[in-house]
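Okay, coords_22.cif is below, mmCIF, N, CA and C atoms:
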data_coords
loop_
_atom_site.label_atom_id
_atom_site.label_comp_id
_atom_site.auth_asym_id
_atom_site.auth_seq_id
_atom_site.Cartn_x
_atom_site.Cartn_y
_atom_site.Cartn_z
N MET A 558 32.19 221.26 109.49
CA MET A 558 31.88 220.52 110.68
C MET A 558 32.44 219.11 110.55
N LYS A 559 33.02 218.64 111.64
CA LYS A 559 33.58 217.29 111.65
C LYS A 559 33.13 216.57 112.91
N ILE A 560 32.69 215.33 112.76
CA ILE A 560 32.37 214.49 113.90
C ILE A 560 33.67 213.90 114.39
N THR A 561 34.04 214.25 115.62
CA THR A 561 35.34 213.84 116.15
C THR A 561 35.27 212.65 117.08
N ASN A 562 34.08 212.28 117.55
CA ASN A 562 33.96 211.11 118.42
C ASN A 562 32.52 210.61 118.38
N VAL A 563 32.38 209.29 118.37
CA VAL A 563 31.07 208.66 118.44
C VAL A 563 31.14 207.56 119.48
N ARG A 564 30.20 207.55 120.40
CA ARG A 564 30.10 206.49 121.40
C ARG A 564 28.73 205.85 121.26
N VAL A 565 28.72 204.52 121.24
CA VAL A 565 27.46 203.79 121.09
C VAL A 565 27.31 202.80 122.23
N ASN A 566 26.10 202.76 122.79
CA ASN A 566 25.74 201.75 123.77
C ASN A 566 24.64 200.89 123.16
N ILE A 567 24.92 199.61 123.01
CA ILE A 567 23.97 198.68 122.40
C ILE A 567 22.92 198.27 123.42
N VAL A 568 21.66 198.19 122.96
CA VAL A 568 20.56 197.71 123.79
C VAL A 568 20.19 196.33 123.27
N ASN A 569 20.23 195.34 124.15
CA ASN A 569 19.91 193.96 123.77
C ASN A 569 18.53 193.58 124.26
N ASN A 570 17.52 194.00 123.52
CA ASN A 570 16.14 193.67 123.86
C ASN A 570 15.41 193.33 122.57
N GLU A 571 15.22 192.04 122.33
CA GLU A 571 14.61 191.60 121.08
C GLU A 571 13.14 192.00 120.97
N ASN A 572 12.51 192.38 122.10
CA ASN A 572 11.10 192.76 122.09
C ASN A 572 10.90 194.24 121.78
N SER A 573 11.99 194.95 121.52
CA SER A 573 11.93 196.38 121.28
C SER A 573 12.59 196.72 119.95
N LYS A 574 12.17 197.82 119.35
CA LYS A 574 12.83 198.29 118.13
C LYS A 574 14.09 199.10 118.44
N MET A 575 14.29 199.40 119.73
CA MET A 575 15.48 200.14 120.17
C MET A 575 16.70 199.23 120.05
N ARG A 576 17.72 199.71 119.35
CA ARG A 576 18.96 198.93 119.19
C ARG A 576 20.12 199.54 119.95
N GLY A 577 20.02 200.83 120.30
CA GLY A 577 21.09 201.45 121.06
C GLY A 577 20.92 202.94 121.18
N PHE A 578 21.90 203.53 121.89
CA PHE A 578 21.98 204.98 122.06
C PHE A 578 23.35 205.43 121.61
N ALA A 579 23.43 206.67 121.12
CA ALA A 579 24.71 207.21 120.69
C ALA A 579 24.90 208.62 121.23
N SER A 580 26.18 208.96 121.42
CA SER A 580 26.59 210.33 121.71
C SER A 580 27.60 210.72 120.65
N VAL A 581 27.48 211.92 120.14
CA VAL A 581 28.35 212.40 119.07
C VAL A 581 29.03 213.69 119.51
N THR A 582 30.34 213.75 119.34
CA THR A 582 31.09 214.97 119.60
C THR A 582 31.39 215.64 118.26
N ILE A 583 31.12 216.93 118.20
CA ILE A 583 31.32 217.71 116.98
C ILE A 583 32.48 218.66 117.19
N ASP A 584 33.45 218.58 116.28
CA ASP A 584 34.63 219.45 116.31
C ASP A 584 35.35 219.45 117.66
N GLY A 585 35.20 218.39 118.42
CA GLY A 585 35.87 218.26 119.70
C GLY A 585 35.38 219.22 120.78
N VAL A 586 34.26 219.92 120.51
CA VAL A 586 33.82 220.94 121.46
C VAL A 586 32.32 220.92 121.81
N PHE A 587 31.54 220.11 121.11
CA PHE A 587 30.09 220.11 121.35
C PHE A 587 29.59 218.69 121.28
N VAL A 588 28.79 218.26 122.28
CA VAL A 588 28.32 216.88 122.34
C VAL A 588 26.79 216.84 122.25
N VAL A 589 26.29 215.87 121.49
CA VAL A 589 24.86 215.59 121.44
C VAL A 589 24.68 214.18 121.99
N HIS A 590 23.93 214.05 123.10
CA HIS A 590 23.67 212.76 123.73
C HIS A 590 22.28 212.27 123.37
N ASP A 591 22.03 211.00 123.68
CA ASP A 591 20.70 210.39 123.59
C ASP A 591 20.13 210.33 122.18
N ILE A 592 20.99 210.10 121.21
CA ILE A 592 20.51 209.82 119.85
C ILE A 592 20.16 208.34 119.84
N ARG A 593 18.91 208.03 119.51
CA ARG A 593 18.45 206.64 119.54
C ARG A 593 18.68 205.95 118.20
N ILE A 594 19.13 204.71 118.27
CA ILE A 594 19.29 203.87 117.07
C ILE A 594 18.12 202.90 117.10
N LEU A 595 17.27 202.96 116.07
CA LEU A 595 16.05 202.17 116.02
C LEU A 595 16.02 201.28 114.80
N GLU A 596 15.31 200.15 114.93
CA GLU A 596 15.11 199.23 113.81
C GLU A 596 13.74 199.53 113.21
N GLY A 597 13.73 199.90 111.93
CA GLY A 597 12.47 200.17 111.25
C GLY A 597 12.21 199.14 110.17
N ASN A 598 11.16 199.33 109.43
CA ASN A 598 10.80 198.40 108.35
C ASN A 598 11.86 198.36 107.25
N ASN A 599 12.59 199.46 107.08
CA ASN A 599 13.61 199.55 106.02
C ASN A 599 15.02 199.53 106.58
N GLY A 600 15.21 199.03 107.80
CA GLY A 600 16.54 198.96 108.39
C GLY A 600 16.70 199.94 109.53
N LEU A 601 17.96 200.15 109.91
CA LEU A 601 18.26 201.03 111.04
C LEU A 601 18.09 202.50 110.66
N PHE A 602 17.65 203.30 111.65
CA PHE A 602 17.57 204.74 111.46
C PHE A 602 17.81 205.42 112.80
N LEU A 603 18.03 206.72 112.77
CA LEU A 603 18.29 207.49 113.98
C LEU A 603 17.08 208.32 114.36
N ALA A 604 16.89 208.45 115.68
CA ALA A 604 15.91 209.38 116.22
C ALA A 604 16.69 210.34 117.12
N MET A 605 16.59 211.61 116.82
CA MET A 605 17.35 212.61 117.55
C MET A 605 16.74 212.82 118.94
N PRO A 606 17.52 213.38 119.87
CA PRO A 606 17.00 213.60 121.21
C PRO A 606 15.77 214.52 121.16
N SER A 607 14.78 214.19 121.98
CA SER A 607 13.54 214.97 121.97
C SER A 607 13.01 215.12 123.38
N LYS A 608 12.04 216.01 123.52
CA LYS A 608 11.36 216.18 124.80
C LYS A 608 9.87 216.21 124.55
N GLN A 609 9.12 215.81 125.57
CA GLN A 609 7.67 215.81 125.45
C GLN A 609 7.17 217.23 125.70
N VAL A 610 6.37 217.74 124.77
CA VAL A 610 5.83 219.10 124.90
C VAL A 610 4.34 219.08 125.22
N ALA A 611 3.69 217.95 124.99
CA ALA A 611 2.27 217.75 125.32
C ALA A 611 2.05 216.24 125.34
N PRO A 612 0.99 215.78 125.95
CA PRO A 612 0.75 214.33 125.96
C PRO A 612 0.77 213.74 124.55
N GLY A 613 1.70 212.82 124.32
CA GLY A 613 1.81 212.18 123.01
C GLY A 613 2.53 212.99 121.95
N GLU A 614 2.99 214.19 122.29
CA GLU A 614 3.67 215.04 121.31
C GLU A 614 5.11 215.31 121.76
N TYR A 615 6.04 215.06 120.85
CA TYR A 615 7.46 215.24 121.14
C TYR A 615 8.07 216.19 120.13
N ARG A 616 9.09 216.93 120.57
CA ARG A 616 9.80 217.84 119.68
C ARG A 616 11.29 217.59 119.83
N ASP A 617 12.01 217.51 118.69
CA ASP A 617 13.46 217.33 118.73
C ASP A 617 14.12 218.48 119.47
N ILE A 618 15.10 218.13 120.30
CA ILE A 618 15.88 219.14 121.01
C ILE A 618 17.04 219.62 120.13
N ALA A 619 17.66 218.67 119.44
CA ALA A 619 18.77 218.98 118.53
C ALA A 619 18.62 218.08 117.31
N HIS A 620 18.90 218.62 116.14
CA HIS A 620 18.79 217.81 114.93
C HIS A 620 19.52 218.48 113.77
N PRO A 621 19.97 217.68 112.80
CA PRO A 621 20.59 218.26 111.59
C PRO A 621 19.54 219.05 110.82
N ILE A 622 19.97 220.13 110.17
CA ILE A 622 19.01 220.95 109.43
C ILE A 622 19.06 220.74 107.92
N ASN A 623 19.97 219.85 107.48
CA ASN A 623 19.97 219.53 106.05
C ASN A 623 20.33 218.06 105.86
N SER A 624 20.06 217.54 104.67
CA SER A 624 20.25 216.11 104.41
C SER A 624 21.73 215.71 104.45
N GLU A 625 22.62 216.61 104.07
CA GLU A 625 24.05 216.30 104.09
C GLU A 625 24.53 216.05 105.53
N THR A 626 24.10 216.89 106.44
CA THR A 626 24.51 216.74 107.84
C THR A 626 23.83 215.52 108.46
N ARG A 627 22.58 215.27 108.13
CA ARG A 627 21.89 214.07 108.63
C ARG A 627 22.62 212.82 108.16
N GLU A 628 23.04 212.79 106.92
CA GLU A 628 23.78 211.64 106.38
C GLU A 628 25.12 211.47 107.10
N LEU A 629 25.80 212.57 107.40
CA LEU A 629 27.06 212.53 108.14
C LEU A 629 26.85 211.86 109.51
N PHE A 630 25.82 212.30 110.24
CA PHE A 630 25.49 211.71 111.53
C PHE A 630 25.14 210.23 111.39
N THR A 631 24.26 209.94 110.44
CA THR A 631 23.80 208.56 110.26
C THR A 631 24.95 207.63 109.94
N ASN A 632 25.80 208.01 109.00
CA ASN A 632 26.92 207.14 108.63
C ASN A 632 27.89 206.93 109.79
N ALA A 633 28.23 208.00 110.50
CA ALA A 633 29.18 207.90 111.61
C ALA A 633 28.63 207.02 112.73
N ILE A 634 27.37 207.22 113.07
CA ILE A 634 26.77 206.46 114.18
C ILE A 634 26.55 205.01 113.79
N LEU A 635 26.01 204.75 112.62
CA LEU A 635 25.75 203.36 112.24
C LEU A 635 27.05 202.58 112.00
N ASP A 636 28.09 203.24 111.51
CA ASP A 636 29.40 202.58 111.39
C ASP A 636 29.91 202.16 112.76
N GLU A 637 29.81 203.05 113.73
CA GLU A 637 30.27 202.73 115.09
C GLU A 637 29.38 201.66 115.73
N TYR A 638 28.08 201.71 115.46
CA TYR A 638 27.15 200.69 115.96
C TYR A 638 27.55 199.31 115.45
N LYS A 639 27.84 199.21 114.16
CA LYS A 639 28.24 197.92 113.58
C LYS A 639 29.54 197.42 114.19
N LYS A 640 30.50 198.31 114.45
CA LYS A 640 31.75 197.91 115.10
C LYS A 640 31.49 197.39 116.51
N GLU A 641 30.66 198.10 117.26
CA GLU A 641 30.34 197.68 118.63
C GLU A 641 29.60 196.35 118.63
N LEU A 642 28.72 196.15 117.67
CA LEU A 642 27.98 194.89 117.56
C LEU A 642 28.94 193.74 117.27
N GLU A 643 29.88 193.95 116.36
CA GLU A 643 30.89 192.93 116.05
C GLU A 643 31.74 192.62 117.28
N ASN A 644 32.19 193.65 117.98
CA ASN A 644 33.00 193.46 119.19
C ASN A 644 32.22 192.68 120.24
N SER A 645 30.95 192.98 120.38
CA SER A 645 30.10 192.30 121.34
C SER A 645 29.95 190.82 120.98
N GLU A 646 29.74 190.53 119.70
CA GLU A 646 29.60 189.14 119.25
C GLU A 646 30.91 188.39 119.40
N ASN A 647 32.05 189.04 119.10
CA ASN A 647 33.35 188.39 119.26
C ASN A 647 33.64 188.08 120.73
N SER A 648 33.23 188.98 121.62
CA SER A 648 33.43 188.75 123.05
C SER A 648 32.62 187.55 123.53
N LYS A 649 31.41 187.40 123.02
CA LYS A 649 30.56 186.27 123.39
C LYS A 649 31.19 184.96 122.93
N GLU A 650 31.77 184.95 121.74
CA GLU A 650 32.40 183.73 121.21
C GLU A 650 33.65 183.38 122.01
N GLU A 651 34.39 184.39 122.44
CA GLU A 651 35.61 184.14 123.22
C GLU A 651 35.27 183.57 124.60
N ASP A 652 34.10 183.96 125.13
CA ASP A 652 33.69 183.47 126.45
C ASP A 652 33.27 182.00 126.42
N LYS A 653 32.98 181.48 125.26
CA LYS A 653 32.52 180.08 125.16
C LYS A 653 33.63 179.09 125.35
#
Rewrite the coordinates I just gave you, this time as structure tokens.
Amino acid sequence: MKITNVRVNIVNNENSKMRGFASVTIDGVFVVHDIRILEGNNGLFLAMPSKQVAPGEYRDIAHPINSETRELFTNAILDEYKKELENSENSKEEDK
């Protein structure tokens, strides 16, 4: 399996732990949308897309089934997030 495309949308809300959303294309033929990038006590982490199945209870719709694949997703998404964050900061400096 190869991640062939990652798209990240940054969320700029300092009052929230949400840092952005990502979409990942796998092997150029399958896309997973709405992967959340969150700020936790130990840094950034991913929350896979989920749906509410009962009040206060959520279940993942799609998720990696082993640690190797989870690491692949995490590295690809967080690398792209950092690039987008740098681009966003550079754009702000150029506007000044």
Every residue with an atom at most 8 Å from (32.3, 215.4, 114.1) (file coordinates; all atoms listed in the file) is what I'm after, so could you write them as a list in words?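 The residues that fall inside the cut-off are Met558, Lys559, Ile560, Thr561, Asn562, Val563, Val581, Thr582, Ile583, Asp584, Gly585 and Leu629 of chain A.
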Could you please take those selected residues and save N, CA and C atoms as a PDB file, in the frame of the given file?
ATOM      1  N   MET A 558      32.190 221.260 109.490  1.00  0.00           N
ATOM      2  CA  MET A 558      31.880 220.520 110.680  1.00  0.00           C
ATOM      3  C   MET A 558      32.440 219.110 110.550  1.00  0.00           C
ATOM      4  N   LYS A 559      33.020 218.640 111.640  1.00  0.00           N
ATOM      5  CA  LYS A 559      33.580 217.290 111.650  1.00  0.00           C
ATOM      6  C   LYS A 559      33.130 216.570 112.910  1.00  0.00           C
ATOM      7  N   ILE A 560      32.690 215.330 112.760  1.00  0.00           N
ATOM      8  CA  ILE A 560      32.370 214.490 113.900  1.00  0.00           C
ATOM      9  C   ILE A 560      33.670 213.900 114.390  1.00  0.00           C
ATOM     10  N   THR A 561      34.040 214.250 115.620  1.00  0.00           N
ATOM     11  CA  THR A 561      35.340 213.840 116.150  1.00  0.00           C
ATOM     12  C   THR A 561      35.270 212.650 117.080  1.00  0.00           C
ATOM     13  N   ASN A 562      34.080 212.280 117.550  1.00  0.00           N
ATOM     14  CA  ASN A 562      33.960 211.110 118.420  1.00  0.00           C
ATOM     15  C   ASN A 562      32.520 210.610 118.380  1.00  0.00           C
ATOM     16  N   VAL A 563      32.380 209.290 118.370  1.00  0.00           N
ATOM     17  CA  VAL A 563      31.070 208.660 118.440  1.00  0.00           C
ATOM     18  C   VAL A 563      31.140 207.560 119.480  1.00  0.00           C
ATOM     19  N   VAL A 581      27.480 211.920 120.140  1.00  0.00           N
ATOM     20  CA  VAL A 581      28.350 212.400 119.070  1.00  0.00           C
ATOM     21  C   VAL A 581      29.030 213.690 119.510  1.00  0.00           C
ATOM     22  N   THR A 582      30.340 213.750 119.340  1.00  0.00           N
ATOM     23  CA  THR A 582      31.090 214.970 119.600  1.00  0.00           C
ATOM     24  C   THR A 582      31.390 215.640 118.260  1.00  0.00           C
ATOM     25  N   ILE A 583      31.120 216.930 118.200  1.00  0.00           N
ATOM     26  CA  ILE A 583      31.320 217.710 116.980  1.00  0.00           C
ATOM     27  C   ILE A 583      32.480 218.660 117.190  1.00  0.00           C
ATOM     28  N   ASP A 584      33.450 218.580 116.280  1.00  0.00           N
ATOM     29  CA  ASP A 584      34.630 219.450 116.310  1.00  0.00           C
ATOM     30  C   ASP A 584      35.350 219.450 117.660  1.00  0.00           C
ATOM     31  N   GLY A 585      35.200 218.390 118.420  1.00  0.00           N
ATOM     32  CA  GLY A 585      35.870 218.260 119.700  1.00  0.00           C
ATOM     33  C   GLY A 585      35.380 219.220 120.780  1.00  0.00           C
ATOM     34  N   LEU A 629      25.800 212.570 107.400  1.00  0.00           N
ATOM     35  CA  LEU A 629      27.060 212.530 108.140  1.00  0.00           C
ATOM     36  C   LEU A 629      26.850 211.860 109.510  1.00  0.00           C
TER      37      LEU A 629
END
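Using the PyMOL selection byres ((chain A and resi 566) around 5) on this structure selects A:Arg564, A:Val565, A:Ile567, A:Val568, A:Gly577, A:Phe578.
Across the structure, atom N of Asn569 in chain A and CA of Val588 in chain A are spaced 23.1 Å apart.
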Please indicate the distance in Å from CA of Leu601 in chain A to CA of Phe587 in chain A, rounded to one decimal place.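 The value is 24.7 Å.
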**Asked** Where does the PyMOL selection byres ((chain A and resi 591-594) around 7) land in this file, that is, which residues does it pick, as a ChimeraX atom specification?
**Response** /A:574-581,589-590,595-596,601-607
ask   = Among chain A, which residues carry a DSSP assignment of strand (DSSP E), reported as number ranges by chain?
value = A: 560-567, 575-583, 587-597, 600-604, 607-611, 614-617
Using N, CA and C atoms, can you write the selected residues to a file as a short mmCIF file (atom, residue, chain, number, x, y, z; two decimals), in the frame of the given file?
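Everything below was put into out.cif:
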data_model
loop_
_atom_site.label_atom_id
_atom_site.label_comp_id
_atom_site.auth_asym_id
_atom_site.auth_seq_id
_atom_site.Cartn_x
_atom_site.Cartn_y
_atom_site.Cartn_z
N ILE A 560 32.69 215.33 112.76
CA ILE A 560 32.37 214.49 113.90
C ILE A 560 33.67 213.90 114.39
N THR A 561 34.04 214.25 115.62
CA THR A 561 35.34 213.84 116.15
C THR A 561 35.27 212.65 117.08
N ASN A 562 34.08 212.28 117.55
CA ASN A 562 33.96 211.11 118.42
C ASN A 562 32.52 210.61 118.38
N VAL A 563 32.38 209.29 118.37
CA VAL A 563 31.07 208.66 118.44
C VAL A 563 31.14 207.56 119.48
N ARG A 564 30.20 207.55 120.40
CA ARG A 564 30.10 206.49 121.40
C ARG A 564 28.73 205.85 121.26
N VAL A 565 28.72 204.52 121.24
CA VAL A 565 27.46 203.79 121.09
C VAL A 565 27.31 202.80 122.23
N ASN A 566 26.10 202.76 122.79
CA ASN A 566 25.74 201.75 123.77
C ASN A 566 24.64 200.89 123.16
N ILE A 567 24.92 199.61 123.01
CA ILE A 567 23.97 198.68 122.40
C ILE A 567 22.92 198.27 123.42
N MET A 575 14.29 199.40 119.73
CA MET A 575 15.48 200.14 120.17
C MET A 575 16.70 199.23 120.05
N ARG A 576 17.72 199.71 119.35
CA ARG A 576 18.96 198.93 119.19
C ARG A 576 20.12 199.54 119.95
N GLY A 577 20.02 200.83 120.30
CA GLY A 577 21.09 201.45 121.06
C GLY A 577 20.92 202.94 121.18
N PHE A 578 21.90 203.53 121.89
CA PHE A 578 21.98 204.98 122.06
C PHE A 578 23.35 205.43 121.61
N ALA A 579 23.43 206.67 121.12
CA ALA A 579 24.71 207.21 120.69
C ALA A 579 24.90 208.62 121.23
N SER A 580 26.18 208.96 121.42
CA SER A 580 26.59 210.33 121.71
C SER A 580 27.60 210.72 120.65
N VAL A 581 27.48 211.92 120.14
CA VAL A 581 28.35 212.40 119.07
C VAL A 581 29.03 213.69 119.51
N THR A 582 30.34 213.75 119.34
CA THR A 582 31.09 214.97 119.60
C THR A 582 31.39 215.64 118.26
N ILE A 583 31.12 216.93 118.20
CA ILE A 583 31.32 217.71 116.98
C ILE A 583 32.48 218.66 117.19
N PHE A 587 31.54 220.11 121.11
CA PHE A 587 30.09 220.11 121.35
C PHE A 587 29.59 218.69 121.28
N VAL A 588 28.79 218.26 122.28
CA VAL A 588 28.32 216.88 122.34
C VAL A 588 26.79 216.84 122.25
N VAL A 589 26.29 215.87 121.49
CA VAL A 589 24.86 215.59 121.44
C VAL A 589 24.68 214.18 121.99
N HIS A 590 23.93 214.05 123.10
CA HIS A 590 23.67 212.76 123.73
C HIS A 590 22.28 212.27 123.37
N ASP A 591 22.03 211.00 123.68
CA ASP A 591 20.70 210.39 123.59
C ASP A 591 20.13 210.33 122.18
N ILE A 592 20.99 210.10 121.21
CA ILE A 592 20.51 209.82 119.85
C ILE A 592 20.16 208.34 119.84
N ARG A 593 18.91 208.03 119.51
CA ARG A 593 18.45 206.64 119.54
C ARG A 593 18.68 205.95 118.20
N ILE A 594 19.13 204.71 118.27
CA ILE A 594 19.29 203.87 117.07
C ILE A 594 18.12 202.90 117.10
N LEU A 595 17.27 202.96 116.07
CA LEU A 595 16.05 202.17 116.02
C LEU A 595 16.02 201.28 114.80
N GLU A 596 15.31 200.15 114.93
CA GLU A 596 15.11 199.23 113.81
C GLU A 596 13.74 199.53 113.21
N GLY A 597 13.73 199.90 111.93
CA GLY A 597 12.47 200.17 111.25
C GLY A 597 12.21 199.14 110.17
N GLY A 600 15.21 199.03 107.80
CA GLY A 600 16.54 198.96 108.39
C GLY A 600 16.70 199.94 109.53
N LEU A 601 17.96 200.15 109.91
CA LEU A 601 18.26 201.03 111.04
C LEU A 601 18.09 202.50 110.66
N PHE A 602 17.65 203.30 111.65
CA PHE A 602 17.57 204.74 111.46
C PHE A 602 17.81 205.42 112.80
N LEU A 603 18.03 206.72 112.77
CA LEU A 603 18.29 207.49 113.98
C LEU A 603 17.08 208.32 114.36
N ALA A 604 16.89 208.45 115.68
CA ALA A 604 15.91 209.38 116.22
C ALA A 604 16.69 210.34 117.12
N SER A 607 14.78 214.19 121.98
CA SER A 607 13.54 214.97 121.97
C SER A 607 13.01 215.12 123.38
N LYS A 608 12.04 216.01 123.52
CA LYS A 608 11.36 216.18 124.80
C LYS A 608 9.87 216.21 124.55
N GLN A 609 9.12 215.81 125.57
CA GLN A 609 7.67 215.81 125.45
C GLN A 609 7.17 217.23 125.70
N VAL A 610 6.37 217.74 124.77
CA VAL A 610 5.83 219.10 124.90
C VAL A 610 4.34 219.08 125.22
N ALA A 611 3.69 217.95 124.99
CA ALA A 611 2.27 217.75 125.32
C ALA A 611 2.05 216.24 125.34
N GLU A 614 2.99 214.19 122.29
CA GLU A 614 3.67 215.04 121.31
C GLU A 614 5.11 215.31 121.76
N TYR A 615 6.04 215.06 120.85
CA TYR A 615 7.46 215.24 121.14
C TYR A 615 8.07 216.19 120.13
N ARG A 616 9.09 216.93 120.57
CA ARG A 616 9.80 217.84 119.68
C ARG A 616 11.29 217.59 119.83
N ASP A 617 12.01 217.51 118.69
CA ASP A 617 13.46 217.33 118.73
C ASP A 617 14.12 218.48 119.47
#
Self-check item: Output check: residues returned by the PyMOL selection byres ((chain A and resi 618-623) around 5), as an MDAnalysis selection string
Solution: chainID A and resid 606:608 616:617 624:627
Report the residues of chain A whose backbone DSSP state falls under helix (DSSP H, G or I), written as number ranges by chain.
A: 624-652
**Request:** Rounded to one decimal place, report the CA of Asp636 in chain A-CA of Gln609 in chain A distance in Å.
**Result:**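 Calculated distance between CA of Asp636 in chain A and CA of Gln609 in chain A is 29.1 Å.
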